[in-house]
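File shown: structure-v5.cif. Contents: mmCIF, C-alpha atoms.
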```
data_final
loop_
_atom_site.label_atom_id
_atom_site.label_comp_id
_atom_site.auth_asym_id
_atom_site.auth_seq_id
_atom_site.Cartn_x
_atom_site.Cartn_y
_atom_site.Cartn_z
CA MET B 1 92.78 50.91 124.82
CA MET B 2 95.04 51.50 127.79
CA GLU B 3 94.22 48.00 128.98
CA LYS B 4 95.64 46.70 125.71
CA GLY B 5 98.89 48.59 126.28
CA VAL B 6 98.25 51.63 124.09
CA ASN B 7 100.35 54.61 125.13
CA MET B 8 97.58 57.25 125.16
CA PRO B 9 99.84 60.33 125.47
CA ASP B 10 101.87 59.10 122.50
CA LEU B 11 98.71 58.35 120.50
CA TYR B 12 97.36 61.83 121.29
CA MET B 13 100.61 63.48 120.19
CA ARG B 14 100.81 61.48 116.94
CA ALA B 15 97.16 61.90 116.00
CA LEU B 16 96.40 65.46 117.05
CA VAL B 17 99.54 67.45 117.71
CA LYS B 18 102.53 66.37 115.63
CA LYS B 19 102.83 67.61 112.07
CA SER B 20 105.43 67.03 109.40
CA LEU B 21 107.73 69.92 108.48
CA PRO B 22 105.93 70.40 105.12
CA ALA B 23 102.56 70.47 106.92
CA ALA B 24 103.90 73.05 109.39
CA ARG B 25 105.18 75.22 106.51
CA TYR B 26 101.80 74.89 104.82
CA TRP B 27 100.14 75.99 108.07
CA GLY B 28 102.48 78.98 108.09
CA ALA B 29 101.22 80.04 104.66
CA GLY B 30 97.62 79.63 105.77
CA LEU B 31 98.15 81.48 109.04
CA SER B 32 99.87 84.37 107.25
CA SER B 33 96.79 84.73 105.03
CA LEU B 34 94.32 85.02 107.93
CA GLN B 35 91.60 87.62 107.68
CA SER B 36 88.85 88.43 110.14
CA GLU B 37 85.76 90.55 109.60
CA HIS B 38 82.44 90.73 111.39
CA GLY B 39 83.04 87.59 113.45
CA ILE B 40 84.30 85.44 110.58
CA VAL B 41 87.94 84.37 110.44
CA TRP B 42 89.36 82.65 107.38
CA GLY B 43 92.58 81.51 105.83
CA THR B 44 93.53 80.62 102.29
CA LEU B 45 95.83 77.87 101.05
CA THR B 46 96.81 78.12 97.39
CA LEU B 47 98.44 75.62 95.07
CA ALA B 48 101.56 77.79 95.22
CA ASP B 49 101.53 77.50 99.05
CA ARG B 50 101.30 73.71 98.78
CA LYS B 51 104.16 73.53 96.30
CA SER B 52 106.37 75.95 98.24
CA ALA B 53 105.83 74.03 101.49
CA GLY B 54 106.41 70.65 99.84
CA TYR B 55 103.10 69.45 101.27
CA GLY B 56 101.85 66.33 99.49
CA GLY B 57 98.22 66.37 100.58
CA ASN B 58 95.30 68.21 99.01
CA ASP B 59 93.62 69.11 102.30
CA ASP B 60 94.22 71.89 104.82
CA ALA B 61 96.60 69.84 107.04
CA ASP B 62 94.08 70.43 109.86
CA LEU B 63 94.59 74.20 109.71
CA ILE B 64 90.86 74.62 110.35
CA ASN B 65 91.42 73.32 113.87
CA MET B 66 94.04 76.00 114.52
CA ILE B 67 91.71 78.68 113.14
CA SER B 68 88.96 77.35 115.40
CA ALA B 69 91.08 78.25 118.41
CA ILE B 70 91.15 81.97 117.54
CA ASP B 71 89.09 83.95 120.05
CA GLY B 72 86.45 86.50 119.18
CA ASN B 73 84.89 84.96 116.07
CA LYS B 74 81.63 83.20 115.25
CA VAL B 75 82.74 81.19 112.21
CA GLY B 76 86.07 79.86 110.99
CA MET B 77 86.76 78.96 107.35
CA VAL B 78 89.62 77.60 105.27
CA PHE B 79 89.73 77.86 101.48
CA VAL B 80 91.99 75.23 99.89
CA GLU B 81 92.67 75.67 96.18
CA GLN B 82 92.68 72.40 94.21
CA SER B 83 94.43 71.68 90.91
CA ASP B 84 91.22 70.91 89.03
CA ASN B 85 89.69 74.40 89.23
CA ARG B 86 87.95 73.54 92.48
CA VAL B 87 88.15 74.87 96.01
CA LYS B 88 87.67 72.82 99.16
CA ILE B 89 86.15 74.76 102.03
CA SER B 90 85.94 73.80 105.67
CA TRP B 91 83.74 75.65 108.15
CA ARG B 92 83.62 75.55 111.92
CA ALA B 93 81.02 77.16 114.16
CA LEU B 94 82.96 78.89 116.92
CA GLU B 95 80.01 79.86 119.11
CA PRO B 96 77.00 77.93 120.37
CA GLY B 97 73.91 78.52 118.25
CA ILE B 98 75.80 78.96 114.98
CA ASP B 99 74.98 76.29 112.36
CA VAL B 100 77.40 76.14 109.41
CA SER B 101 75.75 73.16 107.71
CA PRO B 102 73.07 75.04 105.69
CA ILE B 103 75.69 77.00 103.77
CA ALA B 104 77.70 73.83 103.12
CA LYS B 105 74.56 72.09 101.89
CA HIS B 106 73.76 75.08 99.67
CA PHE B 107 77.11 74.44 97.96
CA LYS B 108 76.44 70.66 97.65
CA GLY B 109 78.58 69.89 100.71
CA GLY B 110 77.67 68.43 104.04
CA GLY B 111 78.41 68.19 107.70
CA HIS B 112 76.65 69.16 110.90
CA ALA B 113 76.00 72.33 112.89
CA ALA B 114 79.52 72.64 114.30
CA ALA B 115 81.60 71.46 111.31
CA ALA B 116 80.92 71.27 107.60
CA GLY B 117 82.66 71.36 104.26
CA ALA B 118 82.16 71.51 100.51
CA ASP B 119 84.11 71.09 97.30
CA ILE B 120 83.11 73.87 94.92
CA GLU B 121 83.96 74.28 91.26
CA GLY B 122 85.43 77.65 90.36
CA TRP B 123 88.45 79.90 90.67
CA LEU B 124 89.62 80.58 94.20
CA THR B 125 88.84 84.31 94.03
CA GLU B 126 85.29 83.65 92.71
CA VAL B 127 84.55 81.02 95.33
CA LYS B 128 85.88 83.19 98.17
CA ALA B 129 83.78 86.15 97.04
CA ALA B 130 80.64 84.01 96.79
CA LEU B 131 81.19 82.44 100.21
CA VAL B 132 81.89 85.74 101.92
CA ASP B 133 78.69 87.10 100.35
CA SER B 134 76.71 84.02 101.49
CA PHE B 135 77.95 84.35 105.05
CA ALA B 136 77.34 88.07 105.05
CA GLN B 137 73.71 87.42 104.08
CA ALA B 138 73.32 84.55 106.56
CA LEU B 139 74.79 86.54 109.45
CA GLY B 140 73.32 89.89 108.41
CA VAL B 141 76.65 91.69 107.95
CA GLU B 142 78.29 93.68 105.17
CA PHE B 143 81.86 93.15 104.06
CA GLU B 144 84.00 95.86 102.59
CA PRO B 145 86.17 94.73 99.70
CA GLY B 146 89.90 94.81 100.29
CA GLY B 147 93.05 94.15 98.35
CA LEU B 148 94.48 90.80 97.40
CA ILE B 149 96.64 88.91 99.85
CA PRO B 150 100.21 88.22 98.68
CA ALA B 151 99.40 84.61 97.70
CA GLU B 152 96.49 85.85 95.56
CA GLU B 153 98.70 88.50 93.96
CA ALA B 154 101.24 85.80 93.08
CA LEU B 155 98.50 83.59 91.68
CA LEU B 156 97.14 86.46 89.60
CA ALA B 157 100.61 87.21 88.24
CA GLU B 158 101.05 83.52 87.42
CA ARG B 159 97.70 83.11 85.66
CA LEU B 160 97.21 86.53 84.07
CA PRO B 161 99.29 85.74 80.96
CA PHE B 162 96.95 82.85 80.16
CA PHE B 163 93.86 85.05 80.50
CA GLU B 164 95.45 87.63 78.22
CA SER B 165 96.30 84.96 75.64
CA GLU B 166 94.44 84.34 72.39
CA GLU B 167 93.81 80.79 73.59
CA TRP B 168 91.69 82.12 76.46
CA ILE B 169 90.12 85.00 74.56
CA TYR B 170 89.12 83.04 71.46
CA GLY B 171 89.19 79.43 72.67
CA PRO B 172 86.18 77.31 73.61
CA ARG B 173 85.16 77.06 77.26
CA ARG B 174 82.17 76.04 79.29
CA THR B 175 79.40 78.52 79.77
CA LEU B 176 78.12 79.43 83.18
CA ASN B 177 74.96 77.38 82.49
CA GLU B 178 77.12 74.27 82.04
CA SER B 179 78.46 74.52 85.57
CA ARG B 180 75.87 73.55 88.16
CA GLU B 181 78.14 74.33 91.13
CA LEU B 182 79.21 77.71 89.84
CA ARG B 183 75.57 78.69 89.25
CA ALA B 184 74.95 78.05 92.95
CA LEU B 185 77.53 80.70 93.79
CA TYR B 186 75.43 83.41 92.17
#
```
How does the structure come out when it is put into structure tokens?
Amino acid sequence: MMEKGVNMPDLYMRALVKKSLPAARYWGAGLSSLQSEHGIVWGTLTLADRKSAGYGGNDDADLINMISAIDGNKVGMVFVEQSDNRVKISWRALEPGIDVSPIAKHFKGGGHAAAAGADIEGWLTEVKAALVDSFAQALGVEFEPGGLIPAEEALLAERLPFFESEEWIYGPRRTLNESRELRALY
């Protein structure tokens, strides 16, 4: 490429380093949500984070790569809430010998030993709980439940009125058996 006149330092900066201001704000939300337990580090990006940052994508803006640089962990994860009651998850193995692909495949995702992902149907809190449980089993660790992070508290406050409404209480909705992906969580 250099022989063709490509400025490699500029290409590197544009492709791997530079971020837009909205992407950087979105990263900030994800970084402020970081949690780490038993060798697993994860961040959460909510729809509210995306809106607040003005980020136009539906991905993690490469936040998983930043999380992968955090020392002292075996696995890195990012949960990205989607508008269609789905959650995108990215995993990275942070130590040799760790294979994240079986858990991604279990959730109908894919990838390879070092990097994998999945798109799972369900509410963010349900998906996170199921994934933490899956990793705890796979790595032979126990997690202690904790409180909600501020973004989750805001999301709960935003959505709670709907779940207290007669529409939710008495309205039709899919059963657990109608959701193949959600069944895989349990």
Spell out the residues picked by the PyMOL selection byres ((chain B and resi 107) around 7) here, as a compact mmCIF listing (two decimals) with C-alpha atoms, keeping the file's coordinate frame.
```txt
# COMPACT_ATOMS: atom_id res chain seq x y z
CA ILE B 103 75.69 77.00 103.77
CA ALA B 104 77.70 73.83 103.12
CA LYS B 105 74.56 72.09 101.89
CA HIS B 106 73.76 75.08 99.67
CA LYS B 108 76.44 70.66 97.65
CA GLY B 109 78.58 69.89 100.71
CA ALA B 118 82.16 71.51 100.51
CA ILE B 120 83.11 73.87 94.92
CA GLU B 181 78.14 74.33 91.13
CA ALA B 184 74.95 78.05 92.95
```
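Minimum atom-to-atom distance to Gly43 (chain B), evaluated using all atoms listed in the file, belongs to B:Ile64 out of B:Ile64, B:Ala113, B:Ala24, B:Leu160.
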### Picked residues, the PyMOL selection byres ((chain B and resi 30) around 8), as a list in words
Tyr26, Trp27, Gly28, Ala29, Leu31, Ser32, Ser33, Leu34, Gly43, Thr44, Leu45 and Leu63 of chain B
### Task
Using only C-alpha atoms, find all polymer residues with an atom at most 12 Å away from the point (84.5, 70.5, 101.5); report them as a PyMOL selection string.
chain B and resi 58-60+64+77-82+86-92+101+103-111+115-121
### Task
Tell me, in Å to one decimal, how far CA of Asp71 (chain B) is from CA of Ser36 (chain B).
10.9 Å
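In this comparison, which uses all atoms listed in the file, the residue of B:Leu94, B:Leu156, B:Gln137, B:Leu124 approaching Gly39 (chain B) most closely is B:Leu94.
Ranking B:Ala53, B:Ala93, B:Ala23, B:Ala48 by their shortest atom-to-atom distance to Ile67 (chain B), with only C-alpha atoms included, puts B:Ala93 first.
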